[in-house]
$ cat work.csv   # CSV, C-alpha atoms and all ligand atoms
chain,number,residue,atom,x,y,z
A,1,MET,CA,0.0,0.0,0.0
A,2,ASP,CA,1.2,3.5,-0.8
A,3,THR,CA,2.0,5.1,2.6
A,4,ALA,CA,3.1,8.5,1.2
A,5,LEU,CA,-0.4,9.9,0.7
A,6,GLY,CA,-1.3,13.5,1.3
A,7,ASP,CA,-0.2,15.2,4.5
A,8,GLY,CA,2.0,12.4,5.8
A,9,ALA,CA,-0.8,11.0,8.1
A,10,ALA,CA,-1.3,7.9,6.0
A,11,LEU,CA,-1.2,4.5,7.7
A,12,SER,CA,0.9,1.4,7.0
A,13,ASP,CA,-1.0,-1.9,6.8
A,14,GLY,CA,0.4,-2.7,10.3
A,15,ALA,CA,-1.0,0.5,11.8
A,16,ALA,CA,-4.3,-0.1,10.1
A,17,GLU,CA,-4.4,-3.6,11.7
A,18,LEU,CA,-3.7,-2.0,15.1
A,19,LEU,CA,-6.5,0.5,14.5
A,20,ARG,CA,-8.9,-2.4,13.9
A,21,ARG,CA,-7.9,-3.9,17.2
A,22,LEU,CA,-8.3,-0.6,19.1
A,23,ARG,CA,-11.7,0.3,17.6
A,24,GLY,CA,-13.5,-1.6,20.3
A,25,GLY,CA,-12.8,1.3,22.6
A,26,ARG,CA,-10.9,-0.3,25.5
A,27,PRO,CA,-7.7,1.7,26.5
A,28,VAL,CA,-4.5,-0.3,26.0
A,29,THR,CA,-0.9,0.0,27.1
A,30,ARG,CA,2.1,-0.6,24.8
A,31,ALA,CA,3.0,-3.7,26.7
A,32,GLY,CA,-0.6,-4.9,26.5
A,33,VAL,CA,-0.6,-4.5,22.7
A,34,GLY,CA,2.7,-6.4,22.5
A,35,ALA,CA,1.4,-9.3,24.7
A,36,GLU,CA,-1.8,-9.6,22.6
A,37,THR,CA,-0.2,-9.4,19.2
A,38,GLY,CA,3.2,-10.8,19.7
A,39,TRP,CA,4.7,-7.7,17.9
A,40,ALA,CA,8.1,-6.5,19.0
A,41,ARG,CA,8.3,-3.5,21.2
A,42,ALA,CA,9.7,-1.3,18.3
A,43,THR,CA,6.9,-2.4,16.0
A,44,VAL,CA,4.2,-1.6,18.6
A,45,ASN,CA,5.8,1.9,19.1
A,46,ALA,CA,6.0,2.6,15.4
A,47,ARG,CA,2.4,1.6,14.7
A,48,LEU,CA,1.1,3.4,17.7
A,49,ASP,CA,3.0,6.6,16.7
A,50,GLU,CA,1.4,6.4,13.2
A,51,LEU,CA,-2.1,6.2,14.7
A,52,LEU,CA,-1.3,9.1,17.2
A,53,ALA,CA,-0.3,11.3,14.2
A,54,THR,CA,-3.7,10.7,12.5
A,55,GLY,CA,-5.6,11.6,15.7
A,56,LEU,CA,-7.5,8.3,15.4
A,57,VAL,CA,-5.8,7.2,18.7
A,58,VAL,CA,-5.1,9.5,21.6
A,59,ASP,CA,-3.4,9.4,24.9
A,60,ALA,CA,-5.7,8.2,27.7
A,61,GLY,CA,-3.5,9.0,30.7
A,62,VAL,CA,-1.6,6.6,32.9
A,63,ARG,CA,-2.6,3.6,34.7
A,64,GLY,CA,-1.1,3.6,38.2
A,65,GLY,CA,0.3,0.2,39.3
A,66,SER,CA,1.3,-1.0,42.7
A,67,ARG,CA,4.7,-1.8,41.4
A,68,GLY,CA,7.0,-0.3,38.8
A,69,ARG,CA,6.5,2.7,36.6
A,70,PRO,CA,2.9,3.8,35.7
A,71,ALA,CA,2.1,2.7,32.1
A,72,GLY,CA,0.8,5.2,29.5
A,73,ARG,CA,-2.5,4.2,28.0
A,74,PHE,CA,-4.0,4.8,24.5
A,75,VAL,CA,-7.6,4.7,23.3
A,76,PHE,CA,-9.5,4.9,20.0
A,77,ASN,CA,-10.7,8.5,19.4
A,78,ALA,CA,-14.3,8.1,18.3
A,79,ALA,CA,-14.7,11.9,18.1
A,80,ARG,CA,-12.1,12.2,15.3
A,81,GLY,CA,-14.9,12.1,12.7
A,82,GLY,CA,-18.5,11.5,12.1
A,83,LEU,CA,-20.8,9.1,10.2
A,84,LEU,CA,-24.1,9.7,8.5
A,85,ILE,CA,-26.7,7.0,8.8
A,86,ALA,CA,-30.0,6.4,7.1
A,87,ASP,CA,-32.1,3.4,8.1
A,88,VAL,CA,-34.8,3.6,5.4
A,89,GLY,CA,-38.0,1.6,5.7
A,90,ALA,CA,-41.1,1.4,3.5
A,91,SER,CA,-42.8,4.5,5.0
A,92,ALA,CA,-40.2,6.3,7.2
A,93,ALA,CA,-36.5,6.7,7.6
A,94,ARG,CA,-34.5,7.1,10.8
A,95,LEU,CA,-31.6,9.4,10.2
A,96,ALA,CA,-28.6,9.8,12.5
A,97,HIS,CA,-25.3,11.5,12.9
A,98,CYS,CA,-22.8,9.3,14.8
A,99,ASP,CA,-19.2,9.5,15.9
A,100,LEU,CA,-16.7,6.9,14.6
A,101,GLY,CA,-17.5,4.6,17.5
A,102,GLY,CA,-21.1,4.4,16.4
A,103,GLY,CA,-22.3,6.7,19.3
A,104,ILE,CA,-25.4,8.6,18.2
A,105,CYS,CA,-24.9,12.4,18.4
A,106,SER,CA,-28.3,13.4,16.9
A,107,GLN,CA,-31.1,11.7,15.1
A,108,THR,CA,-34.5,12.4,13.5
A,109,THR,CA,-37.2,10.5,11.6
A,110,VAL,CA,-38.7,11.6,8.3
A,111,ASP,CA,-41.8,10.2,6.6
A,112,LEU,CA,-41.5,8.9,3.1
A,113,ASP,CA,-42.9,6.4,0.7
A,114,ILE,CA,-40.2,4.0,-0.7
A,115,ARG,CA,-42.4,3.5,-3.8
A,116,ASP,CA,-41.8,7.2,-4.8
A,117,GLY,CA,-38.5,6.0,-6.2
A,118,PRO,CA,-34.9,6.8,-5.6
A,119,ASP,CA,-34.9,10.5,-6.7
A,120,ARG,CA,-37.5,11.6,-4.2
A,121,VAL,CA,-36.5,9.3,-1.4
A,122,LEU,CA,-32.8,10.1,-1.6
A,123,GLU,CA,-33.6,13.9,-1.7
A,124,LEU,CA,-35.6,13.5,1.5
A,125,VAL,CA,-32.8,11.5,3.1
A,126,THR,CA,-30.0,14.0,2.1
A,127,SER,CA,-32.1,17.1,3.2
A,128,GLY,CA,-33.0,15.3,6.5
A,129,LEU,CA,-29.3,14.5,7.1
A,130,ALA,CA,-28.3,18.1,6.4
A,131,SER,CA,-30.8,19.3,9.1
A,132,LEU,CA,-29.2,17.2,11.9
A,133,PRO,CA,-28.0,19.7,14.5
A,134,THR,CA,-24.6,18.1,15.3
A,135,ARG,CA,-23.6,17.5,11.8
A,136,ASP,CA,-21.0,20.3,11.5
A,137,GLU,CA,-19.3,19.4,14.8
A,138,LEU,CA,-18.0,16.1,13.5
A,139,PRO,CA,-17.6,16.2,9.7
A,140,ALA,CA,-18.7,13.0,8.1
A,141,TRP,CA,-16.1,10.5,7.0
A,142,ALA,CA,-18.6,8.1,5.4
A,143,MET,CA,-22.3,7.3,5.1
A,144,GLY,CA,-24.2,4.1,5.7
A,145,MET,CA,-27.7,3.5,4.3
A,146,SER,CA,-30.0,0.5,4.8
A,147,LEU,CA,-32.9,-0.3,2.5
A,148,PRO,CA,-35.8,-2.7,2.7
A,149,GLY,CA,-35.0,-4.7,-0.4
A,150,PRO,CA,-32.4,-7.0,-2.0
A,151,VAL,CA,-29.0,-5.2,-2.0
A,152,GLU,CA,-26.2,-6.7,-4.1
A,153,HIS,CA,-23.1,-6.8,-2.0
A,154,PRO,CA,-20.7,-5.0,-2.1
A,155,THR,CA,-21.8,-2.8,-5.0
A,156,GLY,CA,-24.9,-1.4,-3.3
A,157,ARG,CA,-27.1,-2.2,-6.4
A,158,ILE,CA,-30.8,-2.9,-5.8
A,159,VAL,CA,-31.9,-6.1,-7.5
A,160,SER,CA,-35.5,-6.8,-8.3
A,161,PRO,CA,-37.1,-5.4,-5.1
A,162,PRO,CA,-40.7,-6.6,-4.6
A,163,MET,CA,-42.0,-3.4,-3.2
A,164,MET,CA,-39.5,-0.6,-4.2
A,165,THR,CA,-41.0,0.8,-7.4
A,166,GLY,CA,-38.4,2.5,-9.6
A,167,TRP,CA,-35.3,1.1,-7.7
A,168,ASP,CA,-34.5,-2.0,-9.7
A,169,GLY,CA,-30.9,-1.8,-11.0
A,170,VAL,CA,-30.2,1.4,-9.2
A,171,THR,CA,-26.6,1.6,-7.7
A,172,VAL,CA,-27.3,3.8,-4.7
A,173,PRO,CA,-23.7,4.8,-3.9
A,174,ALA,CA,-23.3,6.2,-7.4
A,175,LEU,CA,-26.3,8.5,-6.8
A,176,LEU,CA,-25.4,9.5,-3.2
A,177,GLU,CA,-21.7,9.9,-3.2
A,178,PRO,CA,-21.6,13.0,-5.5
A,179,ARG,CA,-24.3,14.7,-3.4
A,180,LEU,CA,-22.7,14.0,0.0
A,181,GLY,CA,-19.0,14.0,-1.0
A,182,VAL,CA,-18.2,10.9,1.2
A,183,PRO,CA,-18.1,7.2,0.4
A,184,VAL,CA,-21.4,5.4,0.9
A,185,LEU,CA,-22.1,1.8,2.0
A,186,VAL,CA,-25.5,0.3,1.3
A,187,GLU,CA,-26.9,-2.7,3.2
A,188,ASN,CA,-30.1,-4.6,3.4
A,189,ASP,CA,-32.2,-3.4,6.4
A,190,VAL,CA,-32.3,-6.8,8.2
A,191,ASN,CA,-28.6,-7.2,7.9
A,192,ALA,CA,-28.1,-3.8,9.6
A,193,MET,CA,-30.6,-4.8,12.3
A,194,VAL,CA,-29.0,-8.2,13.1
A,195,TRP,CA,-25.6,-6.6,13.2
A,196,GLY,CA,-27.0,-4.0,15.7
A,197,GLU,CA,-28.2,-6.9,17.9
A,198,HIS,CA,-24.7,-8.4,17.7
A,199,VAL,CA,-23.1,-5.1,18.6
A,200,LEU,CA,-25.5,-4.4,21.5
A,201,ALA,CA,-25.2,-7.9,23.1
A,202,GLU,CA,-23.6,-7.8,26.5
A,203,GLU,CA,-22.3,-11.3,26.2
A,204,PRO,CA,-20.7,-12.4,22.9
A,205,LEU,CA,-23.5,-13.3,20.5
A,206,ASP,CA,-22.0,-14.8,17.4
A,207,ASP,CA,-24.8,-17.0,16.1
A,208,LEU,CA,-28.0,-15.1,15.8
A,209,LEU,CA,-31.2,-15.0,13.7
A,210,LEU,CA,-33.2,-11.8,13.5
A,211,VAL,CA,-36.6,-11.9,12.0
A,212,LYS,CA,-38.1,-8.5,11.0
A,213,VAL,CA,-41.9,-8.6,11.0
A,214,GLY,CA,-43.2,-5.3,9.7
A,215,THR,CA,-45.1,-4.7,6.5
A,216,GLY,CA,-43.1,-7.6,5.0
A,217,ILE,CA,-41.0,-10.3,6.6
A,218,GLY,CA,-37.2,-10.7,6.3
A,219,ALA,CA,-34.4,-12.4,8.2
A,220,GLY,CA,-30.8,-11.4,9.0
A,221,LEU,CA,-28.2,-13.9,10.0
A,222,VAL,CA,-25.0,-13.6,12.0
A,223,THR,CA,-23.0,-16.9,12.0
A,224,HIS,CA,-19.5,-17.2,13.6
A,225,GLY,CA,-19.7,-13.4,14.3
A,226,GLN,CA,-20.1,-12.5,10.6
A,227,ILE,CA,-23.2,-11.4,8.6
A,228,LEU,CA,-24.2,-14.3,6.4
A,229,ARG,CA,-25.0,-12.7,3.0
A,230,GLY,CA,-24.8,-15.6,0.6
A,231,ALA,CA,-23.2,-15.5,-2.9
A,232,ARG,CA,-24.9,-12.2,-4.0
A,233,GLY,CA,-26.4,-10.7,-0.8
A,234,SER,CA,-29.8,-12.3,-0.8
A,235,ALA,CA,-29.5,-14.7,2.1
A,236,GLY,CA,-32.3,-14.6,4.7
A,237,ASP,CA,-35.2,-14.1,2.4
A,238,LEU,CA,-37.5,-15.9,4.9
A,239,GLY,CA,-40.7,-14.0,3.9
A,240,HIS,CA,-40.8,-15.7,0.5
A,241,THR,CA,-40.3,-19.3,1.7
A,242,HIS,CA,-43.2,-21.7,1.4
A,243,THR,CA,-43.5,-24.1,4.4
A,244,ALA,CA,-46.4,-22.2,5.9
A,245,GLY,CA,-48.9,-23.8,3.4
A,246,ASP,CA,-48.1,-27.2,4.8
A,247,VAL,CA,-49.8,-26.5,8.1
A,248,THR,CA,-52.8,-24.3,7.3
A,249,ASP,CA,-55.9,-25.4,5.5
A,250,ARG,CA,-56.3,-22.0,3.6
A,251,GLU,CA,-55.9,-21.7,-0.1
A,252,PRO,CA,-52.4,-20.3,-0.6
A,253,PRO,CA,-52.8,-16.5,-0.7
A,254,LEU,CA,-51.2,-14.4,-3.4
A,255,CYS,CA,-47.9,-12.7,-2.3
A,256,ARG,CA,-46.7,-9.2,-3.2
A,257,CYS,CA,-43.9,-11.0,-5.1
A,258,GLY,CA,-46.4,-12.6,-7.5
A,259,LYS,CA,-46.1,-16.1,-6.1
A,260,LEU,CA,-48.6,-18.1,-4.1
A,261,GLY,CA,-48.4,-19.1,-0.4
A,262,CYS,CA,-45.2,-17.2,0.7
A,263,LEU,CA,-44.8,-16.9,4.5
A,264,GLU,CA,-45.4,-13.1,4.4
A,265,ALA,CA,-48.6,-13.6,2.4
A,266,TYR,CA,-49.9,-15.3,5.7
A,267,ALA,CA,-48.0,-13.4,8.4
A,268,GLY,CA,-46.7,-10.1,7.1
A,269,GLY,CA,-48.2,-6.8,8.3
A,270,TRP,CA,-49.8,-6.2,4.9
A,271,ALA,CA,-51.4,-9.7,4.9
A,272,LEU,CA,-52.7,-9.1,8.5
A,273,ALA,CA,-54.3,-5.8,7.4
A,274,ARG,CA,-55.9,-7.6,4.4
A,275,ASP,CA,-57.3,-10.4,6.7
A,276,LEU,CA,-58.6,-7.9,9.3
A,277,VAL,CA,-60.4,-5.9,6.6
A,278,ASP,CA,-62.2,-9.3,5.8
A,279,ASP,CA,-63.0,-9.5,9.5
A,280,GLY,CA,-64.7,-6.1,9.3
A,281,LEU,CA,-62.0,-3.9,10.8
A,282,GLU,CA,-60.9,-0.6,9.1
A,283,VAL,CA,-57.2,-1.1,8.8
A,284,ALA,CA,-54.8,0.0,6.1
A,285,ASP,CA,-51.3,-1.0,7.2
A,286,VAL,CA,-49.2,-2.5,9.9
A,287,ARG,CA,-49.5,0.6,12.1
A,288,ASP,CA,-53.3,0.2,12.1
A,289,VAL,CA,-52.9,-3.5,12.9
A,290,VAL,CA,-50.7,-2.7,15.9
A,291,ALA,CA,-53.2,0.0,17.1
A,292,ALA,CA,-56.1,-2.5,16.9
A,293,LEU,CA,-54.0,-5.1,18.8
A,294,GLN,CA,-53.1,-2.5,21.5
A,295,ALA,CA,-56.7,-1.6,21.8
A,296,GLY,CA,-57.4,-5.2,22.6
A,297,ASP,CA,-59.6,-6.0,19.5
A,298,PRO,CA,-60.1,-9.8,19.7
A,299,ARG,CA,-60.0,-10.1,15.9
A,300,ALA,CA,-56.5,-8.4,15.8
A,301,VAL,CA,-55.3,-10.6,18.7
A,302,ARG,CA,-56.5,-13.8,17.0
A,303,ARG,CA,-54.9,-12.9,13.6
A,304,VAL,CA,-51.6,-11.9,15.2
A,305,ARG,CA,-51.4,-15.0,17.3
A,306,GLU,CA,-52.1,-17.1,14.2
A,307,ALA,CA,-49.4,-15.2,12.4
A,308,GLY,CA,-47.0,-16.1,15.2
A,309,ARG,CA,-47.7,-19.8,14.7
A,310,VAL,CA,-47.2,-19.6,10.9
A,311,LEU,CA,-44.0,-17.6,11.4
A,312,GLY,CA,-42.9,-20.3,13.9
A,313,ILE,CA,-42.9,-22.8,11.0
A,314,GLY,CA,-40.5,-20.8,8.9
A,315,ILE,CA,-38.4,-19.9,11.9
A,316,ALA,CA,-38.3,-23.6,13.0
A,317,ASP,CA,-36.8,-24.5,9.6
A,318,ALA,CA,-34.3,-21.7,9.9
A,319,VAL,CA,-33.3,-22.8,13.4
A,320,SER,CA,-32.9,-26.4,12.1
A,321,LEU,CA,-30.6,-25.2,9.3
A,322,LEU,CA,-28.6,-22.6,11.2
A,323,ASN,CA,-28.6,-23.5,14.9
A,324,PRO,CA,-28.6,-19.9,16.3
A,325,SER,CA,-28.3,-19.3,20.0
A,326,GLU,CA,-30.9,-16.5,19.8
A,327,VAL,CA,-33.9,-15.6,17.6
A,328,VAL,CA,-34.7,-11.9,17.9
A,329,VAL,CA,-38.0,-10.6,16.5
A,330,SER,CA,-37.9,-7.0,15.4
A,331,GLY,CA,-39.8,-4.6,13.1
A,332,GLY,CA,-43.2,-2.9,13.5
A,333,LEU,CA,-45.0,-5.9,14.8
A,334,ALA,CA,-42.4,-6.7,17.5
A,335,VAL,CA,-44.5,-4.6,19.9
A,336,ALA,CA,-47.0,-7.4,19.7
A,337,GLY,CA,-44.6,-9.2,22.1
A,338,GLU,CA,-46.1,-12.5,23.5
A,339,HIS,CA,-49.0,-12.5,21.1
A,340,LEU,CA,-46.4,-13.1,18.4
A,341,LEU,CA,-43.8,-15.0,20.4
A,342,SER,CA,-46.0,-17.7,21.9
A,343,GLY,CA,-46.8,-19.2,18.5
A,344,ILE,CA,-43.2,-18.9,17.4
A,345,ARG,CA,-42.0,-20.7,20.6
A,346,GLU,CA,-44.6,-23.4,20.2
A,347,ARG,CA,-43.8,-24.3,16.6
A,348,VAL,CA,-40.0,-24.1,17.1
A,349,ALA,CA,-40.2,-26.4,20.1
A,350,ALA,CA,-42.4,-28.8,18.1
A,351,PHE,CA,-40.5,-28.9,14.8
A,352,SER,CA,-36.8,-28.4,15.6
A,353,LEU,CA,-34.5,-31.0,17.2
A,354,PRO,CA,-33.7,-30.7,20.9
A,355,LEU,CA,-30.0,-30.0,20.2
A,356,ALA,CA,-31.0,-26.9,18.3
A,357,THR,CA,-33.6,-25.7,20.8
A,358,THR,CA,-31.8,-26.4,24.1
A,359,GLY,CA,-30.7,-23.1,25.4
A,360,LEU,CA,-32.3,-21.3,22.4
A,361,ARG,CA,-33.6,-17.8,23.4
A,362,ILE,CA,-36.5,-16.3,21.5
A,363,ARG,CA,-37.2,-12.7,22.3
A,364,VAL,CA,-38.2,-9.4,20.9
A,365,SER,CA,-35.5,-6.7,20.2
A,366,SER,CA,-34.9,-4.4,23.1
A,367,ARG,CA,-34.4,-1.5,20.7
A,368,PRO,CA,-36.6,-2.3,17.6
A,369,HIS,CA,-36.7,1.4,16.6
A,370,ASP,CA,-33.0,2.1,16.3
A,371,VAL,CA,-31.2,-1.2,16.3
A,372,GLY,CA,-30.8,-0.7,12.5
A,373,VAL,CA,-29.0,2.6,13.1
A,374,VAL,CA,-26.7,1.0,15.7
A,375,GLY,CA,-25.8,-1.8,13.3
A,376,MET,CA,-25.4,0.4,10.2
A,377,ALA,CA,-23.1,2.8,12.2
A,378,ASP,CA,-20.8,0.0,13.3
A,379,LEU,CA,-20.7,-1.6,9.8
A,380,VAL,CA,-19.9,1.7,8.1
A,381,ALA,CA,-17.3,2.6,10.7
A,382,ARG,CA,-15.5,-0.7,10.1
A,383,TRP,CA,-15.8,-0.1,6.4
A,384,ALA,CA,-14.4,3.4,6.5
A,385,LEU,CA,-11.5,2.4,8.8
A,386,ASP,CA,-10.7,-0.7,6.8
A,387,PRO,CA,-7.0,-0.7,5.6
A,388,ALA,CA,-8.3,-0.6,2.0
A,389,ARG,CA,-10.1,2.7,2.6
A,390,VAL,CA,-8.7,4.5,5.6
A,391,ASN,CA,-5.9,6.3,3.8
A,392,ASP,CA,-8.3,7.7,1.2
A,393,VAL,CA,-10.4,9.1,4.0
A,394,LEU,CA,-7.4,10.5,5.9
A,395,ALA,CA,-6.1,12.2,2.7
A,396,ARG,CA,-9.5,13.8,2.3
A,397,VAL,CA,-10.1,15.0,5.8
A,398,GLY,CA,-6.5,16.1,6.5
A,399,ALA,CA,-4.5,16.2,9.7
A,400,PRO,CA,-6.1,16.6,13.1
A,401,THR,CA,-6.4,20.1,14.4
A,501,ZN,ZN,-43.6,-13.8,-1.9
$ encode --input "work.csv" --output "structure tokens"
Amino acid sequence: MDTALGDGAALSDGAAELLRRLRGGRPVTRAGVGAETGWARATVNARLDELLATGLVVDAGVRGGSRGRPAGRFVFNAARGGLLIADVGASAARLAHCDLGGGICSQTTVDLDIRDGPDRVLELVTSGLASLPTRDELPAWAMGMSLPGPVEHPTGRIVSPPMMTGWDGVTVPALLEPRLGVPVLVENDVNAMVWGEHVLAEEPLDDLLLVKVGTGIGAGLVTHGQILRGARGSAGDLGHTHTAGDVTDREPPLCRCGKLGCLEAYAGGWALARDLVDDGLEVADVRDVVAALQAGDPRAVRRVREAGRVLGIGIADAVSLLNPSEVVVSGGLAVAGEHLLSGIRERVAAFSLPLATTGLRIRVSSRPHDVGVVGMADLVARWALDPARVNDVLARVGAPT
């Protein structure tokens, strides 16, 4: 790698590797780095000096010991730069300005309709981001955006989305980067959410299945501590699997994707709204379904509990294939809580093997509204600070002031 970029603040590969290790935020000593990496003392010193020159690592004071000299400590400087985050759903986007550690500095929500197409939606996103009050305090190094459709990885191209009119074939970074002047990473929304759960977990949580139940249904997977994307980025498309039809006596309903009998055609928010209209309720979307449920309407309770049992079939298959240690339910219908979870637990217990279900935790997300922002911020921070990208960013933002 060329280490002579710009203002002399460019990093060697070794320093970039050390940065990756320090990004977790825990202060370290020179001796501690040496013990953990096996690097010689001179190597540790040279790499740490490079990072100190960029401002990405700063002095964290000394640690007083009972014996010997106090040891100087160093820590990742999350306040060296900012990140812009847009977690875009079908009808609203949560926008945030974060530091490089993923800490949220300010955030807002804007209403939109994803079916208005990329020009309108991206304009709402960029103007909303520009209005965030802390934005000038930490200039952005990169932007991360999640979208509710199939995103080809790593290009950020949208491929045949079932509900995003006008987005097919659009390479989102190519549209956003000229407007924002920073590199843009695009991710599928459930991948950002499952990564957020992985980041927020207090105990290591490396095998995790997140099921988003909102207007539609999707799943995100973390296995061995990595997002499972599949060959092109479409892994986790649980909403359009077809096991539900085996256990209901209904005629397979038509799905939004054009096929018959998909899981989300039984249990997605749009399908529940359709069924509740048949039951005589005035509901238009998933928010109305949740409102009817929270008002205690018995028809809504019955439909949501039924949806939980149908979802449980699909989730049981996923549990059998992947053996996660946790299943987390998120999305707009997660507030249904036990109404949804009881059917899921029942079917998973009935259909998956004991080895897969022993110790398996099934719960709703503790932060369903912003776990996607948390995950996207961590993903884009890692991406911007990756050895392949960090020198470009440093050359653009210049030396620390
Ligand atoms: Zn479908």
$ residues_around --input "work.csv" --residues "segment 117-133 of chain A" --least-positions-apart "6" --cutoff "9 Å" --atoms "only C-alpha atoms" --output "PDB file with C-alpha atoms, in the coordinates of the input"
ATOM      1  CA  LEU A  84     -24.100   9.700   8.500  1.00  0.00           C
ATOM      2  CA  ILE A  85     -26.700   7.000   8.800  1.00  0.00           C
ATOM      3  CA  ALA A  86     -30.000   6.400   7.100  1.00  0.00           C
ATOM      4  CA  VAL A  88     -34.800   3.600   5.400  1.00  0.00           C
ATOM      5  CA  ALA A  93     -36.500   6.700   7.600  1.00  0.00           C
ATOM      6  CA  LEU A  95     -31.600   9.400  10.200  1.00  0.00           C
ATOM      7  CA  ALA A  96     -28.600   9.800  12.500  1.00  0.00           C
ATOM      8  CA  HIS A  97     -25.300  11.500  12.900  1.00  0.00           C
ATOM      9  CA  CYS A 105     -24.900  12.400  18.400  1.00  0.00           C
ATOM     10  CA  SER A 106     -28.300  13.400  16.900  1.00  0.00           C
ATOM     11  CA  GLN A 107     -31.100  11.700  15.100  1.00  0.00           C
ATOM     12  CA  THR A 108     -34.500  12.400  13.500  1.00  0.00           C
ATOM     13  CA  THR A 109     -37.200  10.500  11.600  1.00  0.00           C
ATOM     14  CA  VAL A 110     -38.700  11.600   8.300  1.00  0.00           C
ATOM     15  CA  ASP A 111     -41.800  10.200   6.600  1.00  0.00           C
ATOM     16  CA  MET A 164     -39.500  -0.600  -4.200  1.00  0.00           C
ATOM     17  CA  THR A 165     -41.000   0.800  -7.400  1.00  0.00           C
ATOM     18  CA  GLY A 166     -38.400   2.500  -9.600  1.00  0.00           C
ATOM     19  CA  TRP A 167     -35.300   1.100  -7.700  1.00  0.00           C
ATOM     20  CA  VAL A 170     -30.200   1.400  -9.200  1.00  0.00           C
ATOM     21  CA  VAL A 172     -27.300   3.800  -4.700  1.00  0.00           C
ATOM     22  CA  LEU A 175     -26.300   8.500  -6.800  1.00  0.00           C
ATOM     23  CA  LEU A 176     -25.400   9.500  -3.200  1.00  0.00           C
ATOM     24  CA  ARG A 179     -24.300  14.700  -3.400  1.00  0.00           C
ATOM     25  CA  LEU A 180     -22.700  14.000   0.000  1.00  0.00           C
TER      26      LEU A 180
END
$ residues_near_ligand --input "work.csv" --ligand "ligand ZN 501 (chain A)" --cutoff "9 Å" --atoms "only C-alpha atoms and all ligand atoms" --output "list in words"
Pro162, Gly239, His240, Thr241, His242, Leu254, Cys255, Arg256, Cys257, Gly258, Lys259, Leu260, Gly261, Cys262, Leu263, Glu264 and Ala265 of chain A
$ atom_distance --input "work.csv" --atom1 "atom CA of Asp237 of chain A" --atom2 "atom CA of Ile217 of chain A"
8.1 Å
$ closest_residue --input "work.csv" --among "A:Ala192, A:Ala384, A:Leu340, A:Ala316" --to "Ala356 of chain A" --atoms "only C-alpha atoms"
A:Ala316
$ closest_residue --input "work.csv" --among "A:Arg305, A:Ala271, A:Pro183, A:Gly337" --to "Arg396 of chain A" --atoms "only C-alpha atoms"
A:Pro183
$ closest_residue --input "work.csv" --among "A:Asp392, A:Ala90, A:Ser330, A:Thr243" --to "Pro368 of chain A" --atoms "all atoms listed in the file"
A:Ser330
$ closest_residue --input "work.csv" --among "A:Asp49, A:Asp386, A:Asp116, A:Asp99" --to "Met163 of chain A" --atoms "all atoms listed in the file"
A:Asp116
$ closest_residue --input "work.csv" --among "A:Val348, A:Leu210, A:Ile158, A:Ala273" --to "Gly233 of chain A" --atoms "all atoms listed in the file"
A:Ile158
$ residues_near_point --input "work.csv" --point "(-2.0, 1.4, 6.4)" --cutoff "9 Å" --atoms "only C-alpha atoms" --output "ChimeraX atom specification"
/A:1-3,10-17,386-388,390-391
$ closest_residue --input "work.csv" --among "A:Ala300, A:Ala295, A:Ala399, A:Leu238" --to "Leu281 of chain A" --atoms "only C-alpha atoms"
A:Ala300
$ residues_near_point --input "work.csv" --point "(6.1, -0.5, 16.0)" --cutoff "12 Å" --atoms "all atoms listed in the file" --output "PyMOL selection string"
chain A and resi 12-18+30-31+33-34+37-51
$ atom_distance --input "work.csv" --atom1 "atom CA of Gln226 of chain A" --atom2 "atom CA of Lys212 of chain A"
18.4 Å
$ atom_distance --input "work.csv" --atom1 "atom CA of Gly332 of chain A" --atom2 "atom CA of Arg361 of chain A"
20.3 Å
$ residues_around --input "work.csv" --residues "segment 198-202 of chain A" --least-positions-apart "3" --cutoff "8 Å" --atoms "all atoms listed in the file" --output "NGL selection string"
:A and (194-195 or 205-206 or 208 or 222 or 225 or 374-375 or 378)
$ build_atoms --input "work.csv" --residues "segment 291-298 of chain A" --atoms "N, CA and C atoms" --output "mmCIF file, keeping the file's coordinate frame"
data_model
loop_
_atom_site.group_PDB
_atom_site.id
_atom_site.type_symbol
_atom_site.label_atom_id
_atom_site.label_comp_id
_atom_site.auth_asym_id
_atom_site.auth_seq_id
_atom_site.Cartn_x
_atom_site.Cartn_y
_atom_site.Cartn_z
ATOM 1 N N ALA A 291 -52.250 -0.835 16.250
ATOM 2 C CA ALA A 291 -53.200 0.000 17.100
ATOM 3 C C ALA A 291 -54.397 -0.868 17.474
ATOM 4 N N ALA A 292 -54.921 -1.685 16.555
ATOM 5 C CA ALA A 292 -56.100 -2.500 16.900
ATOM 6 C C ALA A 292 -55.692 -3.564 17.950
ATOM 7 N N LEU A 293 -54.487 -4.097 17.833
ATOM 8 C CA LEU A 293 -54.000 -5.100 18.800
ATOM 9 C C LEU A 293 -53.867 -4.425 20.186
ATOM 10 N N GLN A 294 -53.269 -3.221 20.202
ATOM 11 C CA GLN A 294 -53.100 -2.500 21.500
ATOM 12 C C GLN A 294 -54.367 -2.091 22.115
ATOM 13 N N ALA A 295 -55.399 -1.904 21.268
ATOM 14 C CA ALA A 295 -56.700 -1.600 21.800
ATOM 15 C C ALA A 295 -57.461 -2.804 22.281
ATOM 16 N N GLY A 296 -56.838 -3.972 22.080
ATOM 17 C CA GLY A 296 -57.400 -5.200 22.600
ATOM 18 C C GLY A 296 -58.494 -5.810 21.705
ATOM 19 N N ASP A 297 -58.559 -5.395 20.436
ATOM 20 C CA ASP A 297 -59.600 -6.000 19.500
ATOM 21 C C ASP A 297 -59.335 -7.474 19.385
ATOM 22 N N PRO A 298 -60.343 -8.294 19.711
ATOM 23 C CA PRO A 298 -60.100 -9.800 19.700
ATOM 24 C C PRO A 298 -59.791 -10.291 18.301
#
